[in-house]
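Structure first, commentary second.
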Amino acid sequence: MPIRRRLTLTYGSVFFLAAAILVAINYVVVDQIVNQQVLAEGAMIQPSGEAGPRPGPPPGDAFFASSVNDQIGRYRELVMSWLLRWSLLATAMVGLAGLATGWLIARRALRPLQTVTETARKLSEETLHRRISLGGPPDEIRELADTFDSMLERLDRAFDGQRRFVANVSHELRTPLAINRALLQVSLSDDALPRPLRPVRDELLAANGRQERLIEGLLLLAQSEREVTVREPVDLRDLADRPDLPPAPTAGDPVLLERMVANLLDNAAKYNDERGLIEVRTAASADQVAITVENTGPVVPAAQVALLFEPFSRLERDRVGSASGAGLGLSIVRAIVRAHGGTVAAAPREDGGLAVTVRLSRAAPGGVNV
């Protein structure tokens, strides 16, 4: 049961209990008052309607005393009956008012917690810069929100430091790898190179190329995980070089979005089979655009689809045979999509292969996402 409902029931129960106690006390007090003995013409008139044993009026007045006692008895019953009805009605009204008051008070008291919850729900690696910044008196909820903001600040610094470290390391490693490639190409490009050394030369150049692609992928991954600051109108069908497809206008960083589409196509080509099918589709709705890249290939277990978006992950957790790639293609796609506020999903095909769909916000005519 939600805490707001529990607080409402608690407030309502307190109001009901207090009203019931007051009604009970009022009923007992009134009952004691109306049941007191009443004197009429010198005779003691009892609540039961009988005259007391004390000397009373002449016998002719006995009928009058009895009539008065009957009237008092009926009036007493009428008073207590109406008192009971109105008391129960008042108890119900006070209880309902307590429930309504409890509902409003609980909503007001829990509104800061809803702000904290909404902020936490929207958080991701790309939105750690957001803060709750809760105002109001310095109470326990304000302290919780400030503690949460402090935690977000520490996480933001940690993630930003990690991205800078990856970017710096990748940048620093690019130069040595480029130098190694140049040295290999110059020193081993002589036609007089002995034939047994030529396979070694080719293998060294291939290994160096794989390392360069890995470094480029890490650098791009670090860059794509940051918040997008450049947003320009882009059509996904143009990025896929498919003018025959329906238009899919969005807004974002053109370089990153182009790399996203290129990675989807490259991944579909690398992990294809002898059928060699690669199908590209685009679609657009009132507020979203989508691009789907579908390819034939080996059967992908449904349980391993989510793992394909993790860095250095391949089908069946194969981490060897890096000639086909570094295992960063779909990871970069996911990072770019998240940085643009979109979603990416993959679904295995029944006859083998994969269908990857990216959804982004549709761009308005002015180039701003809807």
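Simple scheme: letters A, B, ... for chains in structure tokens order, numbers from 1 for residues in each chain, numbers from 1 for ligands in the order shown.
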
>> Which residues are near Met151 of chain A? Cut-off 12 Å, only C-alpha atoms, ignore same chain within fewer than 3 positions. Put them as a VMD selection string.
In response: chain A and resid 120 128 to 132 144 to 148 154 to 158

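Every protein or nucleic acid residue with an atom no more than 7 Å from Asn272 of chain A, counting only C-alpha atoms and leaving out same-chain residues fewer than 5 positions away, appears here: Asn295, Thr296 and Gly297 of chain A.
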
> Residues of segment 221-359 of chain A in helix (DSSP H, G or I) according to DSSP, as a PyMOL selection string?
Replying inline: chain A and resi 221-224+236-239+254-270+302-304+306-309+315-317+322-324+329-339

>> So that I can check the surroundings of Leu205 of chain A, please list as an MDAnalysis selection string every protein, DNA and RNA residue that reaches within 7 Å of it, counting only C-alpha atoms and ignoring chain neighbours fewer than 3 positions away.
In response: chainID A and resid 181 184 201:202 208:209

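Put simply, atom CA of Leu123 of chain A is 9.3 Å away from atom CA of Leu152 of chain A.
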
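The list of residues with at least one atom within 6 Å of segment 329-333 of chain A, based on only C-alpha atoms and without residues fewer than 6 positions apart in the same chain, reads Leu221, Met260, Asn263, Phe309, Glu310 and Pro311 of chain A.
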
> Got a sec: who's within 12 Å of segment 273-282 of chain A, counting only C-alpha atoms, leaving out chain neighbours fewer than 4 positions off, as a ChimeraX atom specification?
Replying inline: /A:235-250,261-262,264-269,288-299,351-360

Export, as a short mmCIF file (atom, residue, chain, number, x, y, z; two decimals), in the first residue's frame, the selected residues with C-alpha atoms.
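Dumped everything to out_27.cif:
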```
data_model
loop_
_atom_site.label_atom_id
_atom_site.label_comp_id
_atom_site.auth_asym_id
_atom_site.auth_seq_id
_atom_site.Cartn_x
_atom_site.Cartn_y
_atom_site.Cartn_z
CA ASP A 235 17.74 12.74 -41.61
CA LEU A 236 18.50 9.12 -40.75
CA ARG A 237 17.77 7.93 -44.28
CA ASP A 238 20.47 10.28 -45.60
CA LEU A 239 22.95 8.91 -43.07
CA ALA A 240 22.14 5.40 -44.30
CA ASP A 241 22.50 6.61 -47.93
CA ARG A 242 19.04 5.28 -48.76
CA PRO A 243 17.04 8.03 -50.48
CA ASP A 244 14.31 5.50 -51.35
CA LEU A 245 13.33 5.13 -47.68
CA PRO A 246 10.75 7.29 -45.87
CA PRO A 247 12.22 10.43 -44.28
CA ALA A 248 13.21 10.21 -40.61
CA PRO A 249 14.12 13.74 -39.48
CA THR A 250 15.73 14.20 -36.08
CA VAL A 261 24.33 4.41 -38.46
CA ALA A 262 27.74 3.35 -39.79
CA LEU A 264 24.83 -0.53 -37.32
CA LEU A 265 25.62 -1.24 -40.97
CA ASP A 266 29.16 -2.37 -40.19
CA ASN A 267 27.93 -4.72 -37.46
CA ALA A 268 25.32 -6.18 -39.83
CA ALA A 269 28.00 -6.82 -42.46
CA GLN A 288 9.52 9.75 -32.96
CA VAL A 289 11.68 8.48 -35.80
CA ALA A 290 13.20 5.05 -36.08
CA ILE A 291 15.79 3.23 -38.12
CA THR A 292 16.05 -0.57 -38.20
CA VAL A 293 19.00 -2.53 -39.54
CA GLU A 294 18.28 -6.23 -39.99
CA ASN A 295 20.73 -8.86 -41.16
CA THR A 296 21.02 -12.59 -41.61
CA GLY A 297 23.63 -14.48 -39.64
CA PRO A 298 24.11 -17.04 -36.89
CA VAL A 299 21.26 -17.72 -34.48
CA ASP A 351 16.23 -17.99 -39.03
CA GLY A 352 19.36 -16.35 -37.60
CA GLY A 353 20.65 -12.85 -37.47
CA LEU A 354 19.62 -9.73 -35.62
CA ALA A 355 17.32 -6.74 -36.03
CA VAL A 356 18.49 -3.58 -34.24
CA THR A 357 16.06 -0.66 -33.95
CA VAL A 358 17.00 2.86 -32.85
CA ARG A 359 14.29 5.35 -31.85
CA LEU A 360 14.95 9.07 -31.51
#
```

>> My list of candidates is A:Val28, A:Leu89, A:Val200, A:Leu99. Which is closest to Ser13 of chain A when distances are computed with only C-alpha atoms?
In response: A:Leu99

> What does the distance between atom CA of Val305 of chain A and atom CA of Ala347 of chain A come to in Å, to one decimal place?
Replying inline: 7.1 Å

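In terms of minimum interatomic distance to Val29 of chain A, A:Met80 ranks closest within A:Met80, A:Ala284, A:Leu17, A:Asn168, counting only C-alpha atoms.
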
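With distances restricted to only C-alpha atoms, A:Ala90 is the closest residue to Ala18 of chain A from A:Val166, A:Ala302, A:Ala90, A:Ile105.
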
>> DSSP on the backbone: which residues in segment 123-293 of chain A end up as strand (DSSP E)? Give the answer as a list of chain:residue names.
In response: A:Glu232, A:Pro233, A:Val234, A:Asp235, A:Pro249, A:Thr250, A:Ala251, A:Gly252, A:Ile278, A:Glu279, A:Val280, A:Arg281, A:Thr282, A:Ala283, A:Ala284, A:Gln288, A:Val289, A:Ala290, A:Ile291, A:Thr292, A:Val293

Using only all heavy atoms, please write the residues we just selected to a file, as a compact mmCIF listing (two decimals), in the first residue's frame.
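Result written to selection_19.txt:
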```txt
# COMPACT_ATOMS: atom_id res chain seq x y z
N GLU A 232 21.80 19.57 -34.63
CA GLU A 232 21.49 20.07 -35.96
C GLU A 232 20.50 19.12 -36.62
O GLU A 232 20.44 17.93 -36.30
CB GLU A 232 22.77 20.18 -36.81
CG GLU A 232 23.81 21.12 -36.24
CD GLU A 232 25.06 21.15 -37.09
OE1 GLU A 232 25.06 20.48 -38.16
OE2 GLU A 232 26.04 21.81 -36.68
N PRO A 233 19.71 19.62 -37.57
CA PRO A 233 18.76 18.74 -38.27
C PRO A 233 19.50 17.65 -39.05
O PRO A 233 20.44 17.93 -39.79
CB PRO A 233 18.01 19.70 -39.21
CG PRO A 233 18.22 21.06 -38.62
CD PRO A 233 19.56 21.03 -37.97
N VAL A 234 19.05 16.42 -38.87
CA VAL A 234 19.67 15.27 -39.53
C VAL A 234 18.54 14.33 -39.96
O VAL A 234 17.58 14.13 -39.21
CB VAL A 234 20.65 14.54 -38.60
CG1 VAL A 234 21.22 13.30 -39.29
CG2 VAL A 234 21.77 15.47 -38.17
N ASP A 235 18.69 13.75 -41.15
CA ASP A 235 17.74 12.74 -41.61
C ASP A 235 18.44 11.39 -41.60
O ASP A 235 19.49 11.21 -42.22
CB ASP A 235 17.24 13.07 -43.02
CG ASP A 235 15.97 12.31 -43.38
OD1 ASP A 235 15.83 11.16 -42.92
OD2 ASP A 235 15.12 12.87 -44.08
N PRO A 249 13.38 12.56 -39.96
CA PRO A 249 14.12 13.74 -39.48
C PRO A 249 14.27 13.76 -37.97
O PRO A 249 13.31 13.52 -37.23
CB PRO A 249 13.24 14.90 -39.96
CG PRO A 249 11.86 14.33 -39.97
CD PRO A 249 12.02 12.88 -40.37
N THR A 250 15.46 14.03 -37.51
CA THR A 250 15.73 14.20 -36.08
C THR A 250 16.74 15.32 -35.94
O THR A 250 17.14 15.95 -36.92
CB THR A 250 16.25 12.89 -35.45
OG1 THR A 250 16.38 13.06 -34.04
CG2 THR A 250 17.59 12.51 -36.04
N ALA A 251 17.15 15.57 -34.71
CA ALA A 251 18.15 16.61 -34.44
C ALA A 251 19.18 16.07 -33.47
O ALA A 251 18.83 15.40 -32.49
CB ALA A 251 17.48 17.87 -33.87
N GLY A 252 20.44 16.36 -33.75
CA GLY A 252 21.51 15.89 -32.88
C GLY A 252 22.87 16.21 -33.46
O GLY A 252 22.99 17.02 -34.40
N ILE A 278 21.14 -7.69 -45.77
CA ILE A 278 21.14 -6.52 -44.89
C ILE A 278 19.98 -5.64 -45.34
O ILE A 278 19.96 -5.14 -46.46
CB ILE A 278 22.46 -5.73 -44.95
CG1 ILE A 278 23.63 -6.60 -44.49
CG2 ILE A 278 22.36 -4.47 -44.10
CD1 ILE A 278 24.97 -5.89 -44.56
N GLU A 279 19.03 -5.45 -44.45
CA GLU A 279 17.83 -4.66 -44.76
C GLU A 279 17.77 -3.45 -43.83
O GLU A 279 17.94 -3.59 -42.61
CB GLU A 279 16.58 -5.51 -44.59
CG GLU A 279 15.30 -4.78 -44.98
CD GLU A 279 14.07 -5.67 -44.82
OE1 GLU A 279 14.24 -6.87 -44.50
OE2 GLU A 279 12.95 -5.15 -45.00
N VAL A 280 17.56 -2.30 -44.42
CA VAL A 280 17.47 -1.04 -43.66
C VAL A 280 16.06 -0.48 -43.84
O VAL A 280 15.56 -0.39 -44.96
CB VAL A 280 18.53 -0.02 -44.13
CG1 VAL A 280 18.43 1.26 -43.30
CG2 VAL A 280 19.92 -0.62 -44.02
N ARG A 281 15.44 -0.10 -42.72
CA ARG A 281 14.10 0.49 -42.76
C ARG A 281 14.09 1.75 -41.88
O ARG A 281 14.76 1.79 -40.84
CB ARG A 281 13.04 -0.48 -42.25
CG ARG A 281 12.93 -1.76 -43.06
CD ARG A 281 11.73 -2.58 -42.61
NE ARG A 281 11.84 -2.99 -41.22
CZ ARG A 281 12.45 -4.10 -40.81
NH1 ARG A 281 13.02 -4.91 -41.71
NH2 ARG A 281 12.50 -4.42 -39.54
N THR A 282 13.34 2.73 -42.31
CA THR A 282 13.12 3.93 -41.50
C THR A 282 11.62 4.15 -41.36
O THR A 282 10.83 3.73 -42.21
CB THR A 282 13.76 5.17 -42.15
OG1 THR A 282 13.22 5.35 -43.46
CG2 THR A 282 15.27 5.03 -42.20
N ALA A 283 11.27 4.82 -40.29
CA ALA A 283 9.86 5.12 -40.01
C ALA A 283 9.79 6.40 -39.19
O ALA A 283 10.76 6.79 -38.53
CB ALA A 283 9.17 3.96 -39.29
N ALA A 284 8.65 7.04 -39.25
CA ALA A 284 8.46 8.28 -38.49
C ALA A 284 7.01 8.35 -38.02
O ALA A 284 6.09 7.96 -38.73
CB ALA A 284 8.79 9.50 -39.35
N GLN A 288 8.34 10.60 -32.93
CA GLN A 288 9.52 9.75 -32.96
C GLN A 288 9.89 9.38 -34.38
O GLN A 288 9.04 9.37 -35.28
CB GLN A 288 9.31 8.46 -32.15
CG GLN A 288 9.50 8.60 -30.66
CD GLN A 288 9.50 7.25 -29.97
OE1 GLN A 288 8.99 6.27 -30.49
NE2 GLN A 288 10.09 7.20 -28.78
N VAL A 289 11.19 9.09 -34.56
CA VAL A 289 11.68 8.48 -35.80
C VAL A 289 12.45 7.23 -35.43
O VAL A 289 12.93 7.09 -34.30
CB VAL A 289 12.58 9.46 -36.59
CG1 VAL A 289 11.79 10.67 -37.04
CG2 VAL A 289 13.79 9.88 -35.75
N ALA A 290 12.54 6.32 -36.36
CA ALA A 290 13.20 5.05 -36.08
C ALA A 290 13.96 4.59 -37.31
O ALA A 290 13.56 4.85 -38.45
CB ALA A 290 12.19 3.99 -35.65
N ILE A 291 15.04 3.90 -37.07
CA ILE A 291 15.79 3.23 -38.12
C ILE A 291 16.09 1.82 -37.65
O ILE A 291 16.50 1.61 -36.50
CB ILE A 291 17.09 3.99 -38.48
CG1 ILE A 291 17.83 3.25 -39.61
CG2 ILE A 291 17.98 4.17 -37.27
CD1 ILE A 291 19.00 4.03 -40.18
N THR A 292 15.84 0.84 -38.51
CA THR A 292 16.05 -0.57 -38.20
C THR A 292 17.02 -1.16 -39.20
O THR A 292 16.84 -0.99 -40.42
CB THR A 292 14.72 -1.34 -38.23
OG1 THR A 292 13.82 -0.78 -37.27
CG2 THR A 292 14.95 -2.80 -37.90
N VAL A 293 18.03 -1.83 -38.70
CA VAL A 293 19.00 -2.53 -39.54
C VAL A 293 18.89 -4.01 -39.20
O VAL A 293 19.14 -4.41 -38.05
CB VAL A 293 20.43 -2.01 -39.32
CG1 VAL A 293 21.41 -2.81 -40.17
CG2 VAL A 293 20.52 -0.53 -39.65
```

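From atom CA of Arg362 of chain A back to atom CA of Val230 of chain A, the distance works out to 15.9 Å.
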